[in-house]
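With mmCIF, C-alpha atoms inside, this is my_file33.cif:
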data_upload
#
loop_
_atom_site.label_atom_id
_atom_site.label_comp_id
_atom_site.auth_asym_id
_atom_site.auth_seq_id
_atom_site.Cartn_x
_atom_site.Cartn_y
_atom_site.Cartn_z
CA MET A 1 16.97 -8.02 16.40
CA THR A 2 15.24 -8.78 19.70
CA ASP A 3 18.35 -7.80 21.67
CA ILE A 4 18.59 -4.47 19.86
CA LEU A 5 14.90 -3.72 20.44
CA SER A 6 15.39 -4.32 24.16
CA LEU A 7 17.44 -1.10 24.16
CA TYR A 8 14.35 0.92 23.18
CA ASP A 9 11.77 2.53 25.43
CA SER A 10 8.38 0.91 24.85
CA ILE A 11 4.98 2.32 23.94
CA THR A 12 1.71 0.44 24.42
CA LEU A 13 -0.99 -0.17 21.84
CA GLY A 14 -3.28 2.15 23.80
CA GLU A 15 -0.72 4.94 23.74
CA MET A 16 -0.41 4.43 19.99
CA SER A 17 -4.08 5.27 19.44
CA GLY A 18 -3.38 8.99 19.11
CA ILE A 19 -0.85 8.43 16.33
CA ARG A 20 -3.00 6.56 13.82
CA LEU A 21 -2.22 8.92 10.88
CA MET A 22 -5.15 7.66 8.84
CA ASN A 23 -4.68 10.53 6.34
CA ARG A 24 -0.97 10.66 5.71
CA THR A 25 2.02 10.67 3.40
CA ASP A 26 4.05 7.47 3.15
CA THR A 27 7.66 7.03 2.13
CA LYS A 28 8.99 3.50 1.68
CA PHE A 29 12.52 2.15 1.77
CA VAL A 30 13.75 -1.36 0.90
CA THR A 31 16.82 -2.87 2.54
CA THR A 32 18.11 -6.05 4.19
CA LYS A 33 18.06 -7.43 7.73
CA GLN A 34 21.80 -6.75 8.06
CA MET A 35 21.27 -3.04 7.35
CA LEU A 36 18.17 -2.96 9.54
CA ARG A 37 20.19 -3.99 12.59
CA LYS A 38 22.54 -1.06 11.97
CA LEU A 39 19.59 1.31 11.51
CA LEU A 40 17.92 0.21 14.74
CA LEU A 41 21.10 0.85 16.71
CA LEU A 42 21.38 4.35 15.24
CA ALA A 43 17.72 5.20 15.96
CA LYS A 44 17.37 3.89 19.52
CA ASP A 45 17.57 7.31 21.20
CA ASP A 46 14.99 8.92 18.89
CA TYR A 47 12.22 6.30 18.94
CA CYS A 48 10.08 4.09 21.14
CA THR A 49 8.97 0.64 20.02
CA GLN A 50 5.44 -0.69 20.28
CA GLU A 51 5.06 -3.55 22.75
CA ILE A 52 2.10 -5.93 23.01
CA ASP A 53 2.00 -8.57 25.75
CA GLY A 54 5.72 -8.18 26.27
CA GLU A 55 6.53 -8.72 22.58
CA ARG A 56 8.11 -6.09 20.33
CA ILE A 57 7.86 -8.01 17.06
CA ALA A 58 4.30 -8.70 15.88
CA PRO A 59 3.05 -11.18 13.24
CA TYR A 60 0.61 -9.90 10.59
CA TYR A 61 -1.62 -11.52 7.98
CA THR A 62 -3.18 -9.83 4.93
CA VAL A 63 -5.33 -10.94 2.02
CA TYR A 64 -5.92 -8.68 -1.01
CA PHE A 65 -8.97 -8.60 -3.28
CA ASP A 66 -9.24 -7.55 -6.92
CA THR A 67 -11.54 -7.67 -9.94
CA PRO A 68 -11.56 -10.56 -12.45
CA ASP A 69 -9.29 -8.52 -14.77
CA ASN A 70 -7.03 -7.36 -11.89
CA ALA A 71 -8.00 -3.71 -12.31
CA MET A 72 -6.48 -2.59 -8.99
CA TYR A 73 -3.18 -4.30 -9.75
CA CYS A 74 -3.07 -2.91 -13.29
CA ARG A 75 -3.87 0.63 -12.19
CA HIS A 76 -0.96 0.56 -9.75
CA GLU A 77 1.46 -1.20 -12.13
CA THR A 78 0.78 1.32 -14.90
CA GLY A 79 1.56 4.23 -12.59
CA HIS A 80 -1.83 5.80 -11.84
CA ALA A 81 -1.41 7.93 -8.71
CA ASN A 82 -5.12 7.85 -7.87
CA ARG A 83 -5.81 4.24 -6.88
CA GLN A 84 -7.39 1.93 -4.32
CA LYS A 85 -6.84 -1.42 -2.63
CA LEU A 86 -9.21 -3.65 -0.68
CA ARG A 87 -7.74 -6.00 1.88
CA ILE A 88 -8.33 -7.82 5.15
CA ARG A 89 -5.57 -7.14 7.67
CA SER A 90 -5.20 -9.29 10.80
CA TYR A 91 -3.11 -8.47 13.86
CA ALA A 92 -2.27 -11.77 15.50
CA LYS A 93 -1.17 -10.32 18.85
CA SER A 94 -4.30 -8.25 19.43
CA GLY A 95 -6.59 -10.81 17.79
CA GLN A 96 -8.25 -8.17 15.60
CA SER A 97 -9.08 -8.26 11.89
CA PHE A 98 -10.20 -5.33 9.73
CA LEU A 99 -11.66 -4.90 6.27
CA GLU A 100 -9.72 -1.96 4.86
CA VAL A 101 -9.98 0.35 1.86
CA LYS A 102 -6.76 2.22 1.11
CA THR A 103 -7.05 5.20 -1.24
CA LYS A 104 -4.09 7.10 -2.60
CA ASN A 105 -4.80 10.42 -4.29
CA ASN A 106 -3.00 12.46 -6.95
CA HIS A 107 -1.19 14.44 -4.25
CA GLY A 108 0.49 11.37 -2.81
CA ARG A 109 -1.61 11.23 0.34
CA THR A 110 -2.91 7.89 1.59
CA HIS A 111 -6.33 7.72 3.25
CA LYS A 112 -7.37 4.51 4.98
CA LYS A 113 -10.87 3.50 6.07
CA ARG A 114 -11.54 0.28 7.94
CA VAL A 115 -14.19 -1.68 9.80
CA THR A 116 -13.72 -4.60 12.19
CA MET A 117 -14.28 -8.18 11.00
CA PRO A 118 -14.85 -10.06 14.27
CA THR A 119 -15.66 -13.38 12.58
CA PHE A 120 -12.61 -13.53 10.31
CA ASN A 121 -10.02 -16.11 11.36
CA PRO A 122 -6.52 -15.60 9.85
CA GLN A 123 -5.50 -19.05 11.11
CA GLU A 124 -8.09 -20.57 8.76
CA PRO A 125 -8.72 -17.86 6.13
CA GLN A 126 -11.68 -18.27 3.84
CA HIS A 127 -10.13 -18.18 0.35
CA ASP A 128 -13.49 -18.16 -1.43
CA LEU A 129 -14.74 -15.13 0.49
CA MET A 130 -16.86 -12.79 -1.63
CA PHE A 131 -19.14 -9.84 -0.94
CA ARG A 132 -22.20 -11.09 -2.81
CA PRO A 133 -25.72 -9.84 -2.03
CA GLN A 134 -26.86 -13.33 -0.99
CA ASP A 135 -24.05 -13.65 1.60
CA ASP A 136 -24.21 -12.47 5.20
CA CYS A 137 -20.69 -11.08 4.71
CA PHE A 138 -22.03 -8.62 2.11
CA LYS A 139 -24.89 -7.51 4.35
CA ASP A 140 -22.47 -6.81 7.21
CA TYR A 141 -20.18 -4.61 5.10
CA GLU A 142 -22.43 -3.32 2.31
CA GLU A 143 -22.65 0.23 3.69
CA PHE A 144 -18.91 0.45 4.39
CA LEU A 145 -18.01 -0.72 0.88
CA ALA A 146 -20.61 1.51 -0.78
CA ASN A 147 -19.28 4.58 1.01
CA ASN A 148 -15.57 3.95 0.47
CA LEU A 149 -14.88 1.65 -2.49
CA ARG A 150 -15.05 2.72 -6.14
CA TYR A 151 -15.29 -0.85 -7.42
CA ASP A 152 -18.26 -3.20 -7.47
CA PRO A 153 -17.60 -5.38 -4.40
CA THR A 154 -19.75 -8.24 -5.71
CA ILE A 155 -17.15 -9.16 -8.38
CA LEU A 156 -14.07 -9.01 -6.15
CA THR A 157 -12.25 -12.18 -5.09
CA PRO A 158 -9.14 -12.86 -2.96
CA LYS A 159 -5.98 -12.86 -5.11
CA VAL A 160 -2.90 -13.06 -2.89
CA GLU A 161 -2.16 -13.30 0.82
CA ASN A 162 0.94 -12.58 2.85
CA HIS A 163 2.46 -13.15 6.25
CA PHE A 164 5.17 -10.98 7.79
CA ASN A 165 6.61 -9.76 11.06
CA ARG A 166 6.48 -6.07 11.97
CA ILE A 167 8.35 -3.71 14.25
CA THR A 168 6.54 -0.41 14.89
CA LEU A 169 8.53 2.61 16.04
CA VAL A 170 7.20 5.99 17.16
CA ASN A 171 9.41 9.05 17.42
CA LYS A 172 9.71 10.61 20.88
CA GLN A 173 7.63 13.63 19.75
CA LYS A 174 4.84 11.24 18.64
CA THR A 175 4.45 12.92 15.26
CA GLU A 176 5.22 9.90 13.08
CA ARG A 177 5.21 6.11 12.90
CA LEU A 178 7.80 3.88 11.33
CA THR A 179 6.75 0.35 10.37
CA ILE A 180 9.44 -2.21 9.59
CA ASP A 181 8.30 -5.42 7.89
CA PHE A 182 10.43 -8.53 7.37
CA ASP A 183 10.12 -12.31 6.93
CA LEU A 184 7.64 -11.63 4.12
CA ALA A 185 5.99 -14.63 2.47
CA PHE A 186 3.34 -14.54 -0.28
CA ASP A 187 0.81 -17.14 -1.40
CA ASN A 188 -1.09 -16.74 -4.64
CA ILE A 189 -4.64 -17.89 -4.01
CA ARG A 190 -5.38 -18.41 -7.71
CA ASN A 191 -2.47 -20.70 -8.65
CA GLY A 192 -0.97 -21.83 -5.32
CA GLN A 193 2.46 -20.30 -5.96
CA HIS A 194 4.50 -19.49 -2.83
CA MET A 195 7.30 -16.92 -2.51
CA GLU A 196 9.49 -16.04 0.47
CA MET A 197 11.41 -12.75 0.43
CA GLY A 198 14.42 -13.89 2.47
CA SER A 199 16.37 -11.00 3.99
CA ILE A 200 14.21 -8.25 2.42
CA VAL A 201 13.00 -5.52 4.80
CA ILE A 202 10.34 -2.91 3.99
CA ILE A 203 10.54 0.32 5.99
CA GLU A 204 7.64 2.75 5.78
CA LEU A 205 7.73 6.26 7.21
CA LYS A 206 4.20 7.48 7.94
CA ARG A 207 3.64 11.11 8.85
CA ASP A 208 1.06 13.83 8.46
CA GLY A 209 2.65 16.02 5.82
CA LEU A 210 6.41 16.56 5.67
CA GLN A 211 7.13 16.81 9.38
CA PRO A 212 10.85 16.62 10.32
CA SER A 213 11.87 12.99 10.80
CA PRO A 214 14.91 11.82 12.80
CA ILE A 215 15.11 8.54 10.84
CA LEU A 216 15.95 10.23 7.55
CA LYS A 217 19.50 11.17 8.57
CA HIS A 218 20.18 7.57 9.65
CA LEU A 219 18.80 6.19 6.39
CA MET A 220 20.96 8.60 4.42
CA LEU A 221 24.05 7.64 6.44
CA LEU A 222 23.48 3.97 5.61
CA GLY A 223 22.75 4.68 1.94
CA ILE A 224 19.16 3.39 2.17
CA LYS A 225 17.15 5.29 -0.44
CA PRO A 226 13.38 5.63 -1.00
CA MET A 227 11.87 2.90 -3.16
CA GLY A 228 8.25 2.08 -3.83
CA PHE A 229 7.08 -1.34 -2.66
CA SER A 230 3.44 -2.36 -2.71
CA LYS A 231 3.10 -5.71 -0.98
CA TYR A 232 0.08 -6.48 -3.13
CA VAL A 233 1.65 -5.56 -6.46
CA ILE A 234 5.08 -7.08 -5.78
CA GLY A 235 3.67 -10.21 -4.16
CA TYR A 236 1.16 -10.75 -6.96
CA ALA A 237 3.77 -10.16 -9.69
CA LEU A 238 6.28 -12.54 -8.08
CA THR A 239 3.72 -15.34 -7.83
CA ASP A 240 2.02 -14.95 -11.23
CA GLY A 241 4.19 -14.73 -14.34
CA THR A 242 1.20 -13.95 -16.57
CA LEU A 243 0.67 -10.48 -15.08
CA ARG A 244 1.85 -7.31 -16.78
CA ARG A 245 5.02 -6.05 -15.07
CA ASN A 246 6.72 -3.71 -17.57
CA ARG A 247 6.80 -0.69 -15.28
CA ILE A 248 7.95 -2.56 -12.16
CA LYS A 249 10.67 -4.69 -13.81
CA PRO A 250 13.50 -2.39 -12.62
CA ARG A 251 12.14 -2.60 -9.07
CA LEU A 252 11.88 -6.38 -9.26
CA ARG A 253 15.52 -6.56 -10.39
CA LYS A 254 16.65 -4.42 -7.45
CA ILE A 255 14.70 -6.62 -5.05
CA ALA A 256 16.28 -9.75 -6.57
CA LYS A 257 19.76 -8.28 -6.03
CA LEU A 258 18.98 -7.50 -2.38
CA MET A 259 17.58 -10.99 -1.86
CA ALA A 260 20.82 -12.46 -3.22
CA GLN A 261 23.00 -10.60 -0.70
#

Serialized structure, structure tokens:
Amino acid sequence: MTDILSLYDSITLGEMSGIRLMNRTDTKFVTTKQMLRKLLLLAKDDYCTQEIDGERIAPYYTVYFDTPDNAMYCRHETGHANRQKLRIRSYAKSGQSFLEVKTKNNHGRTHKKRVTMPTFNPQEPQHDLMFRPQDDCFKDYEEFLANNLRYDPTILTPKVENHFNRITLVNKQKTERLTIDFDLAFDNIRNGQHMEMGSIVIIELKRDGLQPSPILKHLMLLGIKPMGFSKYVIGYALTDGTLRRNRIKPRLRKIAKLMAQ
């Protein structure tokens, strides 16, 4: 993978700032590392790869919050298009952490709001973190949560965390981003269950509207089709057998087949 990425032109984190696409449409694809290598070779003339401190593969950490009855998980699993997630996302290479609210509306557009969390340490994450009125953490983020989150933040607790590596590509016209996540591992904070996803790769095409995308022809050539994959929902379902999963069972079976390849 590293050798293939060396064939790409690079783009810096600063240059990426104009392509944030905070209000966007997302299309996800699920494949394997073997197919990813083929895809990267096909796409090398159309894309640049993000580089930070000489590295083109970046480690990420995320922890997701939910209500006591898992309302955010259930709303997604039952197919509601209008939904939200609350998470902390940490970028190990840049040393930054953000508290993020992701909102998806009925038109399929994803809107993300975030605020920095300078005191959060992903190397020693605080698994009992809550946004209670008596905590300094709540005071620091009360206004942000009140303005962006539909749920009562005081009842939310961390449910599941993940680690993964990411490649970020930008097309030469700088109208879209392509994130490629692999080496996914999930840890359920409630029951301690651990799950590694093996060769699974999650590709996400992020663009403002339906702009032409050079990656789509390569995906079609390789037979890689769109498939929904919420890291929170899939990771939570795979590490907690008590959760409802009726609607996502077919997706879980497809993922299991890919993992077995």

| query | Using the chain letters and numbers from the file, which residues does the PyMOL selection byres ((chain A and resi 239-254) around 7) grab, as a PyMOL selection string? | reply | chain A and resi 77-78+188+193-195+235-238+255-258

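Evaluated against this file, the PyMOL selection byres ((chain A and resi 91-107) around 7) yields Ile52, Ala58, Pro59, Tyr60, Tyr61, Ala81, Asn82, Arg83, Gln84, Lys85, Leu86, Arg87, Ile88, Arg89, Ser90, Gly108, Arg109, Thr110, His111, Lys112, Lys113, Arg114, Val115, Thr116, Met117, Pro118, Phe120, Asn148 and Leu149 of chain A.
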
| task | Evaluate the PyMOL selection byres ((chain A and resi 35) around 10) here and jot the selected residues down as a ChimeraX atom specification. | result | /A:31-34,36-40,199,201,219,222-224

| field | Selected residue, from A:Arg75, A:Lys225, A:His80, A:Lys231, that lies nearest to A:Leu184 when counting all atoms listed in the file | value |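 When distances to A:Leu184 are compared using all atoms listed in the file, the smallest one comes from A:Lys231.
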
| task | Write out as a PyMOL selection string each polymer residue whose atoms come within 12 Å of A:Asp26, counting all atoms listed in the file; drop sequence neighbours fewer than 3 positions from it. | result | chain A and resi 21-23+29+104-105+107-112+176-179+203-211+226-230

| query | Once you count all atoms listed in the file, which residues end up no further than 9 Å from (-7.0, -9.4, -1.9) in the file's frame, shown as an NGL selection string? | reply | :A and (62-66 or 85-88 or 156-161 or 232)
